>>> print(open('final28.pdb').read())   # PDB, C-alpha atoms
ATOM      1  CA  MET A 571      -8.922   3.000 -21.235  1.00  0.00           C
ATOM      2  CA  ARG A 572      -5.422   4.566 -21.285  1.00  0.00           C
ATOM      3  CA  GLY A 573      -2.742   4.072 -23.932  1.00  0.00           C
ATOM      4  CA  ASN A 574       0.001   1.514 -23.459  1.00  0.00           C
ATOM      5  CA  THR A 575       3.013   3.565 -22.325  1.00  0.00           C
ATOM      6  CA  GLY A 576       5.425   1.004 -20.910  1.00  0.00           C
ATOM      7  CA  PHE A 577       2.756  -1.298 -19.535  1.00  0.00           C
ATOM      8  CA  THR A 578       2.894  -5.004 -20.370  1.00  0.00           C
ATOM      9  CA  TYR A 579      -0.842  -5.202 -21.075  1.00  0.00           C
ATOM     10  CA  ALA A 580      -3.261  -3.101 -23.104  1.00  0.00           C
ATOM     11  CA  GLU A 581      -6.281  -2.823 -20.793  1.00  0.00           C
ATOM     12  CA  GLN A 582      -5.361  -0.211 -18.187  1.00  0.00           C
ATOM     13  CA  GLY A 583      -7.606   1.460 -15.653  1.00  0.00           C
ATOM     14  CA  PHE A 584     -10.244  -1.193 -14.988  1.00  0.00           C
ATOM     15  CA  THR A 585      -9.451  -1.221 -11.251  1.00  0.00           C
ATOM     16  CA  GLU A 586     -10.439   2.428 -10.893  1.00  0.00           C
ATOM     17  CA  ARG A 587     -13.812   2.031  -9.187  1.00  0.00           C
ATOM     18  CA  PRO A 588     -14.967   4.994  -7.092  1.00  0.00           C
ATOM     19  CA  TYR A 589     -17.634   4.259  -4.492  1.00  0.00           C
ATOM     20  CA  PRO A 590     -20.269   2.879  -5.061  1.00  0.00           C
ATOM     21  CA  ALA A 591     -19.258   1.494  -8.481  1.00  0.00           C
ATOM     22  CA  PRO A 592     -19.733  -2.280  -8.557  1.00  0.00           C
ATOM     23  CA  MET A 593     -16.659  -4.463  -8.402  1.00  0.00           C
ATOM     24  CA  THR A 594     -18.209  -7.538  -9.996  1.00  0.00           C
ATOM     25  CA  ASP A 595     -18.576  -6.516 -13.638  1.00  0.00           C
ATOM     26  CA  ARG A 596     -16.796  -4.826 -16.569  1.00  0.00           C
ATOM     27  CA  TRP A 597     -13.463  -6.649 -16.313  1.00  0.00           C
ATOM     28  CA  PRO A 598     -11.348  -7.290 -19.422  1.00  0.00           C
ATOM     29  CA  ALA A 599     -11.605 -10.742 -20.996  1.00  0.00           C
ATOM     30  CA  GLY A 600      -8.742 -13.234 -21.013  1.00  0.00           C
ATOM     31  CA  TYR A 601      -7.456 -12.595 -17.471  1.00  0.00           C
ATOM     32  CA  ARG A 602      -7.630 -14.435 -14.169  1.00  0.00           C
ATOM     33  CA  LEU A 603      -9.775 -12.292 -11.876  1.00  0.00           C
ATOM     34  CA  VAL A 604      -9.340 -11.958  -8.117  1.00  0.00           C
ATOM     35  CA  LEU A 605     -12.017 -10.075  -6.168  1.00  0.00           C
ATOM     36  CA  ARG A 606     -11.899 -10.166  -2.391  1.00  0.00           C
ATOM     37  CA  LYS A 607     -13.546  -8.033   0.276  1.00  0.00           C
ATOM     38  CA  GLU A 608     -13.487  -8.332   4.060  1.00  0.00           C
ATOM     39  CA  GLU A 609     -14.927  -6.180   6.799  1.00  0.00           C
ATOM     40  CA  LEU A 610     -12.269  -4.942   9.219  1.00  0.00           C
ATOM     41  CA  GLU A 611     -13.893  -4.858  12.624  1.00  0.00           C
ATOM     42  CA  VAL A 612     -11.867  -2.296  14.554  1.00  0.00           C
ATOM     43  CA  ALA A 613     -12.778  -0.132  17.549  1.00  0.00           C
ATOM     44  CA  ASP A 614     -13.000   3.100  15.502  1.00  0.00           C
ATOM     45  CA  PRO A 615     -13.769   2.403  11.818  1.00  0.00           C
ATOM     46  CA  GLN A 616     -13.348   6.068  10.794  1.00  0.00           C
ATOM     47  CA  ALA A 617      -9.869   6.318  12.310  1.00  0.00           C
ATOM     48  CA  GLY A 618      -9.109   2.868  10.906  1.00  0.00           C
ATOM     49  CA  PHE A 619     -10.137   4.048   7.442  1.00  0.00           C
ATOM     50  CA  LEU A 620      -7.680   6.956   7.626  1.00  0.00           C
ATOM     51  CA  ARG A 621      -4.877   4.716   8.916  1.00  0.00           C
ATOM     52  CA  LEU A 622      -5.560   2.141   6.222  1.00  0.00           C
ATOM     53  CA  THR A 623      -5.692   4.779   3.479  1.00  0.00           C
ATOM     54  CA  ASN A 624      -2.308   6.169   4.511  1.00  0.00           C
ATOM     55  CA  GLY A 625      -0.895   2.649   4.821  1.00  0.00           C
ATOM     56  CA  LEU A 626      -2.022   1.820   1.304  1.00  0.00           C
ATOM     57  CA  LEU A 627      -0.727   5.002  -0.305  1.00  0.00           C
ATOM     58  CA  ASP A 628       2.587   4.991   1.596  1.00  0.00           C
ATOM     59  CA  TRP A 629       3.292   1.302   0.718  1.00  0.00           C
ATOM     60  CA  ASP A 630       3.047   0.167   4.358  1.00  0.00           C
ATOM     61  CA  LEU A 631       0.533  -2.511   3.352  1.00  0.00           C
ATOM     62  CA  HIS A 632       3.124  -4.045   1.034  1.00  0.00           C
ATOM     63  CA  ARG A 633       5.880  -3.821   3.629  1.00  0.00           C
ATOM     64  CA  ARG A 634       3.704  -5.377   6.347  1.00  0.00           C
ATOM     65  CA  ALA A 635       2.770  -8.160   3.933  1.00  0.00           C
ATOM     66  CA  GLY A 636       6.460  -9.075   3.728  1.00  0.00           C
ATOM     67  CA  LEU A 637       7.410  -7.371   0.473  1.00  0.00           C
ATOM     68  CA  TYR A 638      10.435  -5.115   0.233  1.00  0.00           C
ATOM     69  CA  VAL A 639       9.628  -1.605  -0.971  1.00  0.00           C
ATOM     70  CA  PRO A 640      12.737   0.582  -1.194  1.00  0.00           C
ATOM     71  CA  PRO A 641      12.868   3.501   1.253  1.00  0.00           C
ATOM     72  CA  GLY A 642      12.042   6.761  -0.447  1.00  0.00           C
ATOM     73  CA  THR A 643       9.498   5.230  -2.819  1.00  0.00           C
ATOM     74  CA  PRO A 644       7.065   8.130  -3.378  1.00  0.00           C
ATOM     75  CA  ARG A 645       3.500   7.994  -2.105  1.00  0.00           C
ATOM     76  CA  ALA A 646       1.155   6.338  -4.593  1.00  0.00           C
ATOM     77  CA  VAL A 647      -0.023   8.910  -7.124  1.00  0.00           C
ATOM     78  CA  PRO A 648      -0.646   8.394 -10.837  1.00  0.00           C
ATOM     79  CA  GLY A 649       2.604   7.934 -12.745  1.00  0.00           C
ATOM     80  CA  VAL A 650       4.736   6.759  -9.796  1.00  0.00           C
ATOM     81  CA  ASP A 651       6.850   3.716 -10.629  1.00  0.00           C
ATOM     82  CA  MET A 652       7.567   1.262  -7.835  1.00  0.00           C
ATOM     83  CA  ALA A 653       8.960  -2.225  -7.527  1.00  0.00           C
ATOM     84  CA  SER A 654       8.248  -4.505  -4.614  1.00  0.00           C
ATOM     85  CA  GLY A 655      10.749  -7.258  -3.964  1.00  0.00           C
ATOM     86  CA  VAL A 656      10.682 -10.764  -2.615  1.00  0.00           C
ATOM     87  CA  GLY A 657      13.754 -12.561  -1.365  1.00  0.00           C
ATOM     88  CA  PHE A 658      16.409 -12.066   1.275  1.00  0.00           C
ATOM     89  CA  TRP A 659      19.006  -9.414   1.919  1.00  0.00           C
ATOM     90  CA  ARG A 660      20.525  -8.485  -1.471  1.00  0.00           C
ATOM     91  CA  VAL A 661      19.039 -11.431  -3.348  1.00  0.00           C
ATOM     92  CA  ARG A 662      15.609 -10.177  -4.349  1.00  0.00           C
ATOM     93  CA  TYR A 663      13.325 -10.425  -7.329  1.00  0.00           C
ATOM     94  CA  TYR A 664      11.567  -7.144  -8.057  1.00  0.00           C
ATOM     95  CA  ALA A 665       8.168  -6.799  -9.717  1.00  0.00           C
ATOM     96  CA  PRO A 666       7.950  -3.335 -11.350  1.00  0.00           C
ATOM     97  CA  CYS A 667       4.614  -1.522 -11.557  1.00  0.00           C
ATOM     98  CA  ARG A 668       3.274   1.954 -12.323  1.00  0.00           C
ATOM     99  CA  VAL A 669       0.460   3.603 -10.372  1.00  0.00           C
ATOM    100  CA  ILE A 670      -2.479   4.280 -12.685  1.00  0.00           C
ATOM    101  CA  TRP A 671      -4.881   5.931 -10.261  1.00  0.00           C
ATOM    102  CA  ALA A 672      -4.934   6.918  -6.612  1.00  0.00           C
ATOM    103  CA  ALA A 673      -7.658   8.264  -4.333  1.00  0.00           C
ATOM    104  CA  GLU A 674      -7.019  10.038  -1.053  1.00  0.00           C
ATOM    105  CA  ALA A 675      -9.535   9.961   1.807  1.00  0.00           C
ATOM    106  CA  VAL A 676     -12.212  12.642   1.647  1.00  0.00           C
ATOM    107  CA  VAL A 677     -12.691  14.296   5.035  1.00  0.00           C
ATOM    108  CA  ASP A 678     -15.203  16.794   6.401  1.00  0.00           C
ATOM    109  CA  ASP A 679     -14.375  20.155   7.998  1.00  0.00           C
ATOM    110  CA  ASP A 680     -13.548  18.404  11.275  1.00  0.00           C
ATOM    111  CA  GLY A 681     -11.090  15.994   9.625  1.00  0.00           C
ATOM    112  CA  ALA A 682     -13.395  12.976   9.902  1.00  0.00           C
ATOM    113  CA  PRO A 683     -13.735  10.781   6.824  1.00  0.00           C
ATOM    114  CA  VAL A 684     -16.982  11.144   4.903  1.00  0.00           C
ATOM    115  CA  ARG A 685     -19.042   7.953   4.811  1.00  0.00           C
ATOM    116  CA  GLY A 686     -19.606   6.275   1.457  1.00  0.00           C
ATOM    117  CA  GLN A 687     -16.161   6.367  -0.147  1.00  0.00           C
ATOM    118  CA  ARG A 688     -13.234   4.308  -1.389  1.00  0.00           C
ATOM    119  CA  SER A 689      -9.621   5.342  -1.211  1.00  0.00           C
ATOM    120  CA  GLY A 690      -6.516   3.528  -2.380  1.00  0.00           C
ATOM    121  CA  PHE A 691      -4.746   2.976  -5.672  1.00  0.00           C
ATOM    122  CA  GLY A 692      -4.316   0.704  -8.644  1.00  0.00           C
ATOM    123  CA  TYR A 693      -1.111  -0.182 -10.434  1.00  0.00           C
ATOM    124  CA  GLY A 694      -0.238  -1.971 -13.633  1.00  0.00           C
ATOM    125  CA  THR A 695       2.644  -4.225 -14.541  1.00  0.00           C
ATOM    126  CA  LEU A 696       5.779  -3.068 -16.337  1.00  0.00           C
ATOM    127  CA  ALA A 697       8.507  -5.065 -18.109  1.00  0.00           C
ATOM    128  CA  GLY A 698      10.169  -7.512 -15.710  1.00  0.00           C
ATOM    129  CA  HIS A 699       7.003  -8.314 -13.752  1.00  0.00           C
ATOM    130  CA  PRO A 700       6.090 -12.025 -13.806  1.00  0.00           C
ATOM    131  CA  GLU A 701       2.448 -11.129 -14.525  1.00  0.00           C
ATOM    132  CA  ARG A 702       0.637  -8.906 -17.006  1.00  0.00           C
ATOM    133  CA  GLY A 703      -2.257  -6.999 -15.553  1.00  0.00           C
ATOM    134  CA  GLU A 704      -3.432  -4.699 -12.828  1.00  0.00           C
ATOM    135  CA  GLU A 705      -4.245  -4.733  -9.137  1.00  0.00           C
ATOM    136  CA  GLY A 706      -6.285  -2.342  -7.038  1.00  0.00           C
ATOM    137  CA  PHE A 707      -6.137  -1.914  -3.256  1.00  0.00           C
ATOM    138  CA  TYR A 708      -9.098  -0.212  -1.581  1.00  0.00           C
ATOM    139  CA  ALA A 709     -10.064   1.086   1.826  1.00  0.00           C
ATOM    140  CA  GLU A 710     -13.837   1.463   1.903  1.00  0.00           C
ATOM    141  CA  LEU A 711     -16.042   3.230   4.424  1.00  0.00           C
ATOM    142  CA  ASP A 712     -19.676   2.517   3.648  1.00  0.00           C
ATOM    143  CA  GLU A 713     -22.715   4.695   4.421  1.00  0.00           C
ATOM    144  CA  GLU A 714     -23.261   2.896   7.741  1.00  0.00           C
ATOM    145  CA  GLY A 715     -19.668   3.537   8.835  1.00  0.00           C
ATOM    146  CA  ARG A 716     -18.399  -0.032   8.334  1.00  0.00           C
ATOM    147  CA  LEU A 717     -14.796  -0.420   7.216  1.00  0.00           C
ATOM    148  CA  TYR A 718     -13.763  -2.813   4.459  1.00  0.00           C
ATOM    149  CA  PHE A 719     -10.560  -3.732   2.689  1.00  0.00           C
ATOM    150  CA  ARG A 720     -10.789  -4.870  -0.926  1.00  0.00           C
ATOM    151  CA  ILE A 721      -8.471  -6.193  -3.566  1.00  0.00           C
ATOM    152  CA  ALA A 722      -9.372  -6.449  -7.233  1.00  0.00           C
ATOM    153  CA  ALA A 723      -6.866  -7.848  -9.703  1.00  0.00           C
ATOM    154  CA  TYR A 724      -6.825  -9.160 -13.235  1.00  0.00           C
ATOM    155  CA  SER A 725      -3.732 -10.879 -14.524  1.00  0.00           C
ATOM    156  CA  ARG A 726      -2.238 -13.514 -16.763  1.00  0.00           C
ATOM    157  CA  PRO A 727       1.266 -14.973 -16.891  1.00  0.00           C
ATOM    158  CA  GLY A 728       3.877 -12.546 -18.173  1.00  0.00           C
ATOM    159  CA  ASN A 729       5.898 -15.150 -20.051  1.00  0.00           C
ATOM    160  CA  ARG A 730       5.958 -18.856 -20.943  1.00  0.00           C
ATOM    161  CA  LEU A 731       8.010 -19.841 -17.902  1.00  0.00           C
ATOM    162  CA  VAL A 732       5.480 -18.271 -15.533  1.00  0.00           C
ATOM    163  CA  GLY A 733       2.693 -19.792 -17.613  1.00  0.00           C
ATOM    164  CA  ALA A 734       4.231 -23.259 -17.322  1.00  0.00           C
ATOM    165  CA  ALA A 735       4.339 -22.891 -13.541  1.00  0.00           C
ATOM    166  CA  ASN A 736       0.931 -21.224 -13.355  1.00  0.00           C
ATOM    167  CA  ALA A 737      -0.365 -23.441 -10.527  1.00  0.00           C
ATOM    168  CA  VAL A 738       2.580 -22.366  -8.365  1.00  0.00           C
ATOM    169  CA  ASN A 739       2.125 -18.756  -9.426  1.00  0.00           C
ATOM    170  CA  VAL A 740      -1.563 -18.803  -8.433  1.00  0.00           C
ATOM    171  CA  ARG A 741      -0.610 -20.141  -4.991  1.00  0.00           C
ATOM    172  CA  VAL A 742       1.987 -17.390  -4.572  1.00  0.00           C
ATOM    173  CA  GLN A 743      -0.652 -14.794  -5.471  1.00  0.00           C
ATOM    174  CA  GLN A 744      -3.063 -16.323  -2.936  1.00  0.00           C
ATOM    175  CA  PHE A 745      -0.332 -16.324  -0.295  1.00  0.00           C
ATOM    176  CA  TYR A 746       0.350 -12.602  -0.746  1.00  0.00           C
ATOM    177  CA  THR A 747      -3.350 -11.767  -0.972  1.00  0.00           C
ATOM    178  CA  ASN A 748      -3.843 -13.397   2.437  1.00  0.00           C
ATOM    179  CA  ARG A 749      -0.876 -11.447   3.788  1.00  0.00           C
ATOM    180  CA  TYR A 750      -2.315  -8.196   2.414  1.00  0.00           C
ATOM    181  CA  PHE A 751      -5.555  -8.798   4.306  1.00  0.00           C
ATOM    182  CA  ALA A 752      -3.738  -9.545   7.558  1.00  0.00           C
ATOM    183  CA  ALA A 753      -1.622  -6.417   7.069  1.00  0.00           C
ATOM    184  CA  ALA A 754      -4.720  -4.317   6.321  1.00  0.00           C
ATOM    185  CA  TYR A 755      -6.265  -5.346   9.616  1.00  0.00           C
ATOM    186  CA  ARG A 756      -3.078  -4.451  11.512  1.00  0.00           C
ATOM    187  CA  LEU A 757      -2.912  -1.063   9.781  1.00  0.00           C
ATOM    188  CA  ALA A 758      -6.576  -0.259  10.411  1.00  0.00           C
ATOM    189  CA  SER A 759      -6.424  -1.331  14.067  1.00  0.00           C
ATOM    190  CA  GLY A 760      -3.235   0.650  14.673  1.00  0.00           C
ATOM    191  CA  SER A 761      -1.263  -2.400  15.819  1.00  0.00           C
TER     192      SER A 761
END
>>> encode(input="final28.pdb", output="structure tokens")
Amino acid sequence: MRGNTGFTYAEQGFTERPYPAPMTDRWPAGYRLVLRKEELEVADPQAGFLRLTNGLLDWDLHRRAGLYVPPGTPRAVPGVDMASGVGFWRVRYYAPCRVIWAAEAVVDDDGAPVRGQRSGFGYGTLAGHPERGEEGFYAELDEEGRLYFRIAAYSRPGNRLVGAANAVNVRVQQFYTNRYFAAAYRLASGS
């Protein structure tokens, strides 16, 4: 895919999957894969899609999931570096990443989102991140107008310490994945 310019892994760009590209194949070997999709049943799926797209690209999903994203972090576009933090007050551990791809919502002349699309972004790990790999966050509006939130990630431990505590690390990843899905629903429903 792309060259390794500061990333901690060599296989960049595999999360870039425009609609209707399948999410179940063509992943790099040697990584733990997480693929999760849930329908977000909200009163107005089109408006929910736009809210979710903006929440993804403006880092609100991360903030609502309990991660600290510094104020002023630019909207997700390719090349933007960001670091989300876990911890309390001034004692935080930051996980640096760089946005590899981003997709805005496509709207018609009336400002309504076109059916059959995915928006969102994917970012890859930089030095200091406990993992090596990439994660994609997707808002999806299918041809029937149903709204979905997806996460696709491939990763492996970033160092021996993380590798030794891999069972704990996997549980932490599952914890935040669950929080991302709860946050996605809140964003899409406008609550």
>>> atom_distance(input="final28.pdb", atom1="CA of Arg720 (chain A)", atom2="CA of Leu605 (chain A)")
7.5 Å
>>> closest_residue(input="final28.pdb", among="A:Phe691, A:Phe719, A:Phe577, A:Phe658", to="Gly636 (chain A)", atoms="all atoms listed in the file")
A:Phe658
>>> resolve_selection(input="final28.pdb", expression="the PyMOL selection byres ((chain A and resi 686) around 7)", output="PDB file with C-alpha atoms, in the coordinates of the input")
ATOM      1  CA  TYR A 589     -17.634   4.259  -4.492  1.00  0.00           C
ATOM      2  CA  VAL A 684     -16.982  11.144   4.903  1.00  0.00           C
ATOM      3  CA  ARG A 685     -19.042   7.953   4.811  1.00  0.00           C
ATOM      4  CA  GLN A 687     -16.161   6.367  -0.147  1.00  0.00           C
ATOM      5  CA  LEU A 711     -16.042   3.230   4.424  1.00  0.00           C
ATOM      6  CA  ASP A 712     -19.676   2.517   3.648  1.00  0.00           C
ATOM      7  CA  GLU A 713     -22.715   4.695   4.421  1.00  0.00           C
TER       8      GLU A 713
END
>>> closest_residue(input="final28.pdb", among="A:Cys667, A:Leu631, A:Ala653, A:Ala617", to="Arg756 (chain A)", atoms="all atoms listed in the file")
A:Leu631
>>> resolve_selection(input="final28.pdb", expression="the PyMOL selection byres ((chain A and resi 608) around 6)", output="ChimeraX atom specification")
/A:607,609,718-719
>>> residues_around(input="final28.pdb", residues="Asp628 (chain A)", least_positions_apart="4", cutoff="7 Å", atoms="all atoms listed in the file", output="number ranges by chain")
A: 624, 645-646
>>> closest_residue(input="final28.pdb", among="A:Pro588, A:Ser654, A:Tyr638, A:Glu705", to="Glu674 (chain A)", atoms="only C-alpha atoms")
A:Pro588
>>> closest_residue(input="final28.pdb", among="A:Gly698, A:Gly692, A:Gly618, A:Pro648", to="Ala723 (chain A)", atoms="only C-alpha atoms")
A:Gly692
>>> resolve_selection(input="final28.pdb", expression="the PyMOL selection byres ((chain A and resi 597-599) around 8)", output="count of residues only")
8
>>> closest_atom_pairs(input="final28.pdb", of="region 619-724 of chain A", to="region 745-749 of chain A", cutoff="9 Å", atoms="only C-alpha atoms", output="Markdown table")
| residue | atom | partner | partner_atom | distance |
| --- | --- | --- | --- | --- |
| A:His632 | CA | A:Arg749 | CA | 8.9 |
| A:Arg634 | CA | A:Arg749 | CA | 8.0 |
| A:Ala635 | CA | A:Arg749 | CA | 4.9 |
| A:Gly636 | CA | A:Arg749 | CA | 7.7 |
| A:Leu637 | CA | A:Tyr746 | CA | 8.9 |
| A:Ile721 | CA | A:Thr747 | CA | 8.0 |
>>> atom_distance(input="final28.pdb", atom1="CA of Pro666 (chain A)", atom2="CA of Glu701 (chain A)")
10.1 Å
>>> decode(input="final28.pdb", residues="region 595-624 of chain A", atoms="N, CA and C atoms", output="PDB file, in the first residue's frame")
ATOM      1  N   ASP A 595     -12.369  -9.697   3.718  1.00  0.00           N
ATOM      2  CA  ASP A 595     -11.209 -10.314   3.075  1.00  0.00           C
ATOM      3  C   ASP A 595     -10.108  -9.288   2.824  1.00  0.00           C
ATOM      4  N   ARG A 596      -8.970  -9.774   2.354  1.00  0.00           N
ATOM      5  CA  ARG A 596      -7.808  -8.952   1.982  1.00  0.00           C
ATOM      6  C   ARG A 596      -7.214  -8.183   3.162  1.00  0.00           C
ATOM      7  N   TRP A 597      -7.024  -8.851   4.283  1.00  0.00           N
ATOM      8  CA  TRP A 597      -6.367  -8.240   5.434  1.00  0.00           C
ATOM      9  C   TRP A 597      -4.945  -8.763   5.512  1.00  0.00           C
ATOM     10  N   PRO A 598      -3.997  -7.975   5.989  1.00  0.00           N
ATOM     11  CA  PRO A 598      -2.610  -8.457   6.061  1.00  0.00           C
ATOM     12  C   PRO A 598      -2.454  -9.592   7.076  1.00  0.00           C
ATOM     13  N   ALA A 599      -1.557 -10.509   6.766  1.00  0.00           N
ATOM     14  CA  ALA A 599      -1.312 -11.664   7.637  1.00  0.00           C
ATOM     15  C   ALA A 599      -0.504 -11.247   8.869  1.00  0.00           C
ATOM     16  N   GLY A 600      -0.661 -12.014   9.943  1.00  0.00           N
ATOM     17  CA  GLY A 600       0.147 -11.814  11.138  1.00  0.00           C
ATOM     18  C   GLY A 600      -0.424 -10.824  12.131  1.00  0.00           C
ATOM     19  N   TYR A 601      -1.677 -10.411  11.951  1.00  0.00           N
ATOM     20  CA  TYR A 601      -2.317  -9.442  12.845  1.00  0.00           C
ATOM     21  C   TYR A 601      -3.578 -10.049  13.445  1.00  0.00           C
ATOM     22  N   ARG A 602      -3.946  -9.532  14.616  1.00  0.00           N
ATOM     23  CA  ARG A 602      -5.250  -9.845  15.202  1.00  0.00           C
ATOM     24  C   ARG A 602      -6.267  -8.945  14.509  1.00  0.00           C
ATOM     25  N   LEU A 603      -7.330  -9.537  14.010  1.00  0.00           N
ATOM     26  CA  LEU A 603      -8.334  -8.798  13.241  1.00  0.00           C
ATOM     27  C   LEU A 603      -9.598  -8.613  14.065  1.00  0.00           C
ATOM     28  N   VAL A 604     -10.123  -7.384  14.068  1.00  0.00           N
ATOM     29  CA  VAL A 604     -11.400  -7.086  14.691  1.00  0.00           C
ATOM     30  C   VAL A 604     -12.297  -6.499  13.611  1.00  0.00           C
ATOM     31  N   LEU A 605     -13.423  -7.154  13.370  1.00  0.00           N
ATOM     32  CA  LEU A 605     -14.441  -6.657  12.438  1.00  0.00           C
ATOM     33  C   LEU A 605     -15.766  -6.668  13.182  1.00  0.00           C
ATOM     34  N   ARG A 606     -16.397  -5.505  13.266  1.00  0.00           N
ATOM     35  CA  ARG A 606     -17.671  -5.442  13.979  1.00  0.00           C
ATOM     36  C   ARG A 606     -18.572  -4.447  13.272  1.00  0.00           C
ATOM     37  N   LYS A 607     -19.835  -4.816  13.153  1.00  0.00           N
ATOM     38  CA  LYS A 607     -20.837  -3.987  12.481  1.00  0.00           C
ATOM     39  C   LYS A 607     -22.138  -4.106  13.253  1.00  0.00           C
ATOM     40  N   GLU A 608     -22.788  -2.955  13.482  1.00  0.00           N
ATOM     41  CA  GLU A 608     -24.099  -2.959  14.127  1.00  0.00           C
ATOM     42  C   GLU A 608     -24.993  -1.934  13.444  1.00  0.00           C
ATOM     43  N   GLU A 609     -26.254  -2.306  13.284  1.00  0.00           N
ATOM     44  CA  GLU A 609     -27.225  -1.344  12.776  1.00  0.00           C
ATOM     45  C   GLU A 609     -27.585  -0.385  13.908  1.00  0.00           C
ATOM     46  N   LEU A 610     -27.653   0.895  13.573  1.00  0.00           N
ATOM     47  CA  LEU A 610     -28.048   1.922  14.538  1.00  0.00           C
ATOM     48  C   LEU A 610     -29.477   2.320  14.196  1.00  0.00           C
ATOM     49  N   GLU A 611     -30.407   1.842  14.973  1.00  0.00           N
ATOM     50  CA  GLU A 611     -31.812   2.114  14.711  1.00  0.00           C
ATOM     51  C   GLU A 611     -32.187   3.443  15.361  1.00  0.00           C
ATOM     52  N   VAL A 612     -32.204   4.475  14.537  1.00  0.00           N
ATOM     53  CA  VAL A 612     -32.539   5.828  14.995  1.00  0.00           C
ATOM     54  C   VAL A 612     -33.741   6.319  14.191  1.00  0.00           C
ATOM     55  N   ALA A 613     -34.401   7.346  14.698  1.00  0.00           N
ATOM     56  CA  ALA A 613     -35.628   7.846  14.068  1.00  0.00           C
ATOM     57  C   ALA A 613     -35.404   8.286  12.624  1.00  0.00           C
ATOM     58  N   ASP A 614     -34.298   8.952  12.336  1.00  0.00           N
ATOM     59  CA  ASP A 614     -34.005   9.445  10.987  1.00  0.00           C
ATOM     60  C   ASP A 614     -32.599   8.987  10.604  1.00  0.00           C
ATOM     61  N   PRO A 615     -32.489   7.832   9.925  1.00  0.00           N
ATOM     62  CA  PRO A 615     -31.163   7.293   9.596  1.00  0.00           C
ATOM     63  C   PRO A 615     -30.306   8.231   8.743  1.00  0.00           C
ATOM     64  N   GLN A 616     -30.919   9.009   7.849  1.00  0.00           N
ATOM     65  CA  GLN A 616     -30.120   9.921   7.015  1.00  0.00           C
ATOM     66  C   GLN A 616     -29.498  11.021   7.864  1.00  0.00           C
ATOM     67  N   ALA A 617     -30.284  11.634   8.738  1.00  0.00           N
ATOM     68  CA  ALA A 617     -29.737  12.654   9.631  1.00  0.00           C
ATOM     69  C   ALA A 617     -28.728  12.024  10.585  1.00  0.00           C
ATOM     70  N   GLY A 618     -29.018  10.815  11.044  1.00  0.00           N
ATOM     71  CA  GLY A 618     -28.087  10.106  11.920  1.00  0.00           C
ATOM     72  C   GLY A 618     -26.760   9.824  11.239  1.00  0.00           C
ATOM     73  N   PHE A 619     -26.818   9.493   9.942  1.00  0.00           N
ATOM     74  CA  PHE A 619     -25.593   9.256   9.180  1.00  0.00           C
ATOM     75  C   PHE A 619     -24.735  10.518   9.143  1.00  0.00           C
ATOM     76  N   LEU A 620     -25.351  11.661   8.904  1.00  0.00           N
ATOM     77  CA  LEU A 620     -24.592  12.920   8.857  1.00  0.00           C
ATOM     78  C   LEU A 620     -24.014  13.259  10.232  1.00  0.00           C
ATOM     79  N   ARG A 621     -24.817  13.075  11.283  1.00  0.00           N
ATOM     80  CA  ARG A 621     -24.305  13.341  12.636  1.00  0.00           C
ATOM     81  C   ARG A 621     -23.147  12.406  12.979  1.00  0.00           C
ATOM     82  N   LEU A 622     -23.299  11.138  12.633  1.00  0.00           N
ATOM     83  CA  LEU A 622     -22.254  10.170  12.933  1.00  0.00           C
ATOM     84  C   LEU A 622     -20.992  10.476  12.139  1.00  0.00           C
ATOM     85  N   THR A 623     -21.138  10.815  10.867  1.00  0.00           N
ATOM     86  CA  THR A 623     -19.970  11.160  10.052  1.00  0.00           C
ATOM     87  C   THR A 623     -19.199  12.312  10.680  1.00  0.00           C
ATOM     88  N   ASN A 624     -19.905  13.373  11.045  1.00  0.00           N
ATOM     89  CA  ASN A 624     -19.230  14.524  11.659  1.00  0.00           C
ATOM     90  C   ASN A 624     -18.621  14.148  13.000  1.00  0.00           C
TER      91      ASN A 624
END
